[in-house]
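Text of the file entry.cif, holding mmCIF, C-alpha atoms:
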data_protein
loop_
_atom_site.label_atom_id
_atom_site.label_comp_id
_atom_site.auth_asym_id
_atom_site.auth_seq_id
_atom_site.Cartn_x
_atom_site.Cartn_y
_atom_site.Cartn_z
CA GLN A 1 -59.89 46.91 1.39
CA VAL A 2 -56.40 48.31 1.03
CA GLN A 3 -55.12 48.67 -2.51
CA LEU A 4 -51.48 49.04 -3.43
CA VAL A 5 -50.55 49.91 -6.99
CA GLU A 6 -46.93 49.58 -8.06
CA SER A 7 -45.34 51.17 -11.09
CA GLY A 8 -41.92 51.93 -12.49
CA GLY A 9 -40.57 48.50 -13.36
CA GLY A 10 -38.97 47.64 -16.65
CA LEU A 11 -35.85 46.53 -18.48
CA VAL A 12 -32.58 48.22 -17.57
CA GLN A 13 -28.94 47.54 -18.28
CA PRO A 14 -26.53 46.59 -15.51
CA GLY A 15 -25.39 49.69 -13.68
CA GLY A 16 -28.60 51.52 -14.52
CA SER A 17 -31.30 52.93 -12.29
CA LEU A 18 -35.04 52.61 -11.80
CA ARG A 19 -37.50 54.15 -9.39
CA LEU A 20 -40.48 52.12 -8.25
CA SER A 21 -43.60 53.74 -6.85
CA CYS A 22 -46.34 52.28 -4.68
CA ALA A 23 -49.54 54.26 -4.33
CA ALA A 24 -51.73 53.23 -1.40
CA SER A 25 -55.48 53.69 -1.11
CA ILE A 26 -55.16 54.57 2.56
CA SER A 27 -53.14 56.95 4.65
CA ILE A 28 -49.71 55.38 4.98
CA VAL A 29 -49.24 57.19 8.26
CA SER A 30 -51.61 54.61 9.75
CA VAL A 31 -49.54 51.69 8.46
CA PHE A 32 -47.05 50.04 10.80
CA ALA A 33 -44.57 49.42 8.00
CA MET A 34 -44.47 49.96 4.26
CA GLY A 35 -42.03 47.80 2.40
CA TRP A 36 -40.71 46.44 -0.84
CA TYR A 37 -40.18 42.73 -1.35
CA ARG A 38 -38.98 40.84 -4.41
CA GLN A 39 -39.21 37.36 -5.80
CA GLY A 40 -36.73 36.16 -8.36
CA PRO A 41 -37.25 33.18 -10.66
CA GLY A 42 -37.37 30.02 -8.59
CA GLU A 43 -36.74 31.92 -5.39
CA GLN A 44 -38.72 32.80 -2.29
CA ARG A 45 -40.03 36.29 -1.73
CA GLU A 46 -37.57 38.36 0.28
CA LEU A 47 -37.53 41.72 1.98
CA VAL A 48 -35.71 44.43 0.06
CA ALA A 49 -36.43 47.47 2.19
CA ARG A 50 -39.05 48.73 4.58
CA ILE A 51 -39.85 51.94 6.35
CA ILE A 52 -41.57 51.79 9.70
CA SER A 53 -44.09 54.35 10.89
CA ASN A 54 -41.56 55.88 13.29
CA GLY A 55 -39.22 56.51 10.38
CA ASN A 56 -36.81 53.63 10.97
CA ILE A 57 -35.61 51.95 7.79
CA ASN A 58 -34.32 48.45 7.14
CA TYR A 59 -32.50 47.19 4.04
CA ALA A 60 -31.46 43.78 2.85
CA ASP A 61 -27.68 43.47 2.94
CA SER A 62 -27.64 42.83 -0.80
CA VAL A 63 -29.06 46.28 -1.61
CA LYS A 64 -27.48 48.49 1.06
CA GLY A 65 -25.79 51.48 -0.49
CA ARG A 66 -27.59 50.99 -3.80
CA PHE A 67 -31.32 51.20 -3.00
CA THR A 68 -33.17 53.89 -1.10
CA ILE A 69 -36.71 53.66 0.24
CA SER A 70 -38.67 56.83 0.89
CA ARG A 71 -42.24 57.95 1.37
CA ASP A 72 -44.45 60.90 0.58
CA VAL A 73 -47.21 60.90 3.18
CA ALA A 74 -49.13 63.63 1.37
CA LYS A 75 -49.39 61.38 -1.68
CA ASN A 76 -49.67 58.11 0.29
CA THR A 77 -46.87 56.81 -1.87
CA VAL A 78 -43.72 54.85 -1.14
CA TYR A 79 -40.75 54.83 -3.47
CA LEU A 80 -37.80 52.57 -4.06
CA GLN A 81 -34.89 54.22 -5.83
CA MET A 82 -32.66 51.52 -7.26
CA ASN A 83 -29.18 52.45 -8.46
CA SER A 84 -26.23 50.40 -9.70
CA LEU A 85 -28.57 47.61 -10.67
CA LYS A 86 -27.19 44.12 -11.10
CA PRO A 87 -28.54 41.11 -13.02
CA GLU A 88 -29.24 39.45 -9.68
CA ASP A 89 -31.72 42.24 -8.90
CA THR A 90 -33.99 40.80 -11.58
CA ALA A 91 -37.28 39.93 -9.92
CA VAL A 92 -40.90 40.85 -9.48
CA TYR A 93 -41.03 43.62 -6.90
CA TYR A 94 -44.00 43.79 -4.57
CA CYS A 95 -45.19 46.59 -2.35
CA ASN A 96 -46.34 45.57 1.13
CA ALA A 97 -48.40 47.29 3.79
CA ASN A 98 -48.01 45.70 7.19
CA MET A 99 -50.88 46.77 9.43
CA VAL A 100 -49.97 44.26 12.14
CA ARG A 101 -53.30 42.43 12.04
CA ASN A 102 -53.40 42.43 8.26
CA ASN A 103 -50.85 42.29 5.49
CA TYR A 104 -51.55 43.70 2.05
CA TRP A 105 -49.71 43.22 -1.22
CA GLY A 106 -49.64 44.94 -4.55
CA GLN A 107 -49.80 43.06 -7.83
CA GLY A 108 -46.08 43.36 -8.42
CA THR A 109 -43.93 45.06 -11.02
CA GLN A 110 -41.27 43.27 -13.06
CA VAL A 111 -37.68 44.47 -13.01
CA ILE A 112 -35.25 42.93 -15.48
CA VAL A 113 -31.58 43.83 -15.38
CA SER A 114 -29.88 42.62 -18.51
CA SER A 115 -27.57 43.77 -21.25
#
I need this file expressed as structure tokens, please.
Amino acid sequence: QVQLVESGGGLVQPGGSLRLSCAASISIVSVFAMGWYRQGPGEQRELVARIISNGNINYADSVKGRFTISRDVAKNTVYLQMNSLKPEDTAVYYCNANMVRNNYWGQGTQVIVSS
């Protein structure tokens, strides 16, 4: 069973920054893609950013230039650095491990951007 544990969420003012962390119970080198998704109130879950095993990175258009995904394979941890946060970034952020045949999710961490 793969476990993903997110941390780093919280309340931040518009324009502020947060860094989310996702610690995996397995070697992330073996994962096809590690990603961050989010689900705002009344909205569907959407991809924010993902990093594929070959190093390729994808971002949602809404976060390009503001968010950065990275990984530390020695710590089996994936990060999401979020800068210039906007109220519309308010959501529960979920870590995802896509292993092609199986998909695993963390429990989510709440991010609230408000003054």
Expansion of the PyMOL selection byres ((chain A and resi 62) around 12) into residues, as a PyMOL selection string: chain A and resi 46-49+58-61+63-67+82+84-86+88-89
Selected residues, C-alpha atoms, written as a PDB file, in the coordinates of the input, please.
ATOM      1  CA  GLU A  46     -37.570  38.360   0.280  1.00  0.00           C
ATOM      2  CA  LEU A  47     -37.530  41.720   1.980  1.00  0.00           C
ATOM      3  CA  VAL A  48     -35.710  44.430   0.060  1.00  0.00           C
ATOM      4  CA  ALA A  49     -36.430  47.470   2.190  1.00  0.00           C
ATOM      5  CA  ASN A  58     -34.320  48.450   7.140  1.00  0.00           C
ATOM      6  CA  TYR A  59     -32.500  47.190   4.040  1.00  0.00           C
ATOM      7  CA  ALA A  60     -31.460  43.780   2.850  1.00  0.00           C
ATOM      8  CA  ASP A  61     -27.680  43.470   2.940  1.00  0.00           C
ATOM      9  CA  VAL A  63     -29.060  46.280  -1.610  1.00  0.00           C
ATOM     10  CA  LYS A  64     -27.480  48.490   1.060  1.00  0.00           C
ATOM     11  CA  GLY A  65     -25.790  51.480  -0.490  1.00  0.00           C
ATOM     12  CA  ARG A  66     -27.590  50.990  -3.800  1.00  0.00           C
ATOM     13  CA  PHE A  67     -31.320  51.200  -3.000  1.00  0.00           C
ATOM     14  CA  MET A  82     -32.660  51.520  -7.260  1.00  0.00           C
ATOM     15  CA  SER A  84     -26.230  50.400  -9.700  1.00  0.00           C
ATOM     16  CA  LEU A  85     -28.570  47.610 -10.670  1.00  0.00           C
ATOM     17  CA  LYS A  86     -27.190  44.120 -11.100  1.00  0.00           C
ATOM     18  CA  GLU A  88     -29.240  39.450  -9.680  1.00  0.00           C
ATOM     19  CA  ASP A  89     -31.720  42.240  -8.900  1.00  0.00           C
TER      20      ASP A  89
END
Residue contacts of Thr90 (chain A) (8 Å, only C-alpha atoms) excluding same-chain residues fewer than 6 positions away, as a ChimeraX atom specification: /A:40,110-113
Print the selection's residues with C-alpha atoms to a file, as an mmCIF file, in the coordinates of the input.
data_model
loop_
_atom_site.group_PDB
_atom_site.id
_atom_site.type_symbol
_atom_site.label_atom_id
_atom_site.label_comp_id
_atom_site.auth_asym_id
_atom_site.auth_seq_id
_atom_site.Cartn_x
_atom_site.Cartn_y
_atom_site.Cartn_z
ATOM 1 C CA GLY A 40 -36.730 36.160 -8.360
ATOM 2 C CA GLN A 110 -41.270 43.270 -13.060
ATOM 3 C CA VAL A 111 -37.680 44.470 -13.010
ATOM 4 C CA ILE A 112 -35.250 42.930 -15.480
ATOM 5 C CA VAL A 113 -31.580 43.830 -15.380
#
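CA of Gln1 (chain A) is positioned 19.5 Å from CA of Ser21 (chain A).
You will find CA of Arg19 (chain A) at 16.6 Å from CA of Gln107 (chain A).
Taking CA of Asn54 (chain A) as the reference point, CA of Val29 (chain A) is found at 9.3 Å.
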Protein and nucleic acid residues near (-30.6, 44.0, -18.0) (cut-off 6 Å, all atoms listed in the file) as a ChimeraX atom specification: /A:11-14,112-115
File of the preceding selection, C-alpha atoms, as a tab-separated table (two decimals), in the frame of the given file:
chain	number	residue	atom	x	y	z
A	11	LEU	CA	-35.85	46.53	-18.48
A	12	VAL	CA	-32.58	48.22	-17.57
A	13	GLN	CA	-28.94	47.54	-18.28
A	14	PRO	CA	-26.53	46.59	-15.51
A	112	ILE	CA	-35.25	42.93	-15.48
A	113	VAL	CA	-31.58	43.83	-15.38
A	114	SER	CA	-29.88	42.62	-18.51
A	115	SER	CA	-27.57	43.77	-21.25
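Using all atoms listed in the file, the smallest distance between any of A:Ala33, A:Asn56, A:Val100, A:Tyr94 and Leu4 (chain A) comes from A:Tyr94.
Comparing the minimum interatomic distances between Phe32 (chain A) and each of A:Gly55, A:Gly108, A:Pro87, A:Gly8, counting only C-alpha atoms, we find that A:Gly55 sits nearest.
Closest approach to Thr109 (chain A) from the set A:Ile26, A:Gly15, A:Asn83, A:Ala91 is made by A:Ala91, with distances taken over only C-alpha atoms.
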Within 12 Å of Ser30 (chain A) using only C-alpha atoms, minus same-chain residues under 5 positions, as a list in words: Val2, Ala24, Ser25, Ile52, Ser53, Asn54, Val73, Asn76, Ala97, Asn98, Met99 and Val100 of chain A
Applied to this file, what does the PyMOL selection byres ((chain A and resi 78) around 9) return in terms of residues, put as a short mmCIF file (atom, residue, chain, number, x, y, z; two decimals) with C-alpha atoms, keeping the file's coordinate frame?
data_model
loop_
_atom_site.label_atom_id
_atom_site.label_comp_id
_atom_site.auth_asym_id
_atom_site.auth_seq_id
_atom_site.Cartn_x
_atom_site.Cartn_y
_atom_site.Cartn_z
CA LEU A 20 -40.48 52.12 -8.25
CA SER A 21 -43.60 53.74 -6.85
CA CYS A 22 -46.34 52.28 -4.68
CA ALA A 23 -49.54 54.26 -4.33
CA ALA A 24 -51.73 53.23 -1.40
CA ILE A 28 -49.71 55.38 4.98
CA MET A 34 -44.47 49.96 4.26
CA GLY A 35 -42.03 47.80 2.40
CA TRP A 36 -40.71 46.44 -0.84
CA ILE A 51 -39.85 51.94 6.35
CA ILE A 69 -36.71 53.66 0.24
CA SER A 70 -38.67 56.83 0.89
CA ARG A 71 -42.24 57.95 1.37
CA ASP A 72 -44.45 60.90 0.58
CA VAL A 73 -47.21 60.90 3.18
CA LYS A 75 -49.39 61.38 -1.68
CA ASN A 76 -49.67 58.11 0.29
CA THR A 77 -46.87 56.81 -1.87
CA TYR A 79 -40.75 54.83 -3.47
CA LEU A 80 -37.80 52.57 -4.06
CA CYS A 95 -45.19 46.59 -2.35
#
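Nearest residue to Glu6 (chain A), choosing from A:Thr68, A:Gln81, A:Asn96, A:Gln39 and counting only C-alpha atoms: A:Asn96.
Of the listed residues (A:Val5, A:Gly42, A:Val31, A:Arg50), A:Val31 comes nearest to Asn103 (chain A); the distances count only C-alpha atoms.
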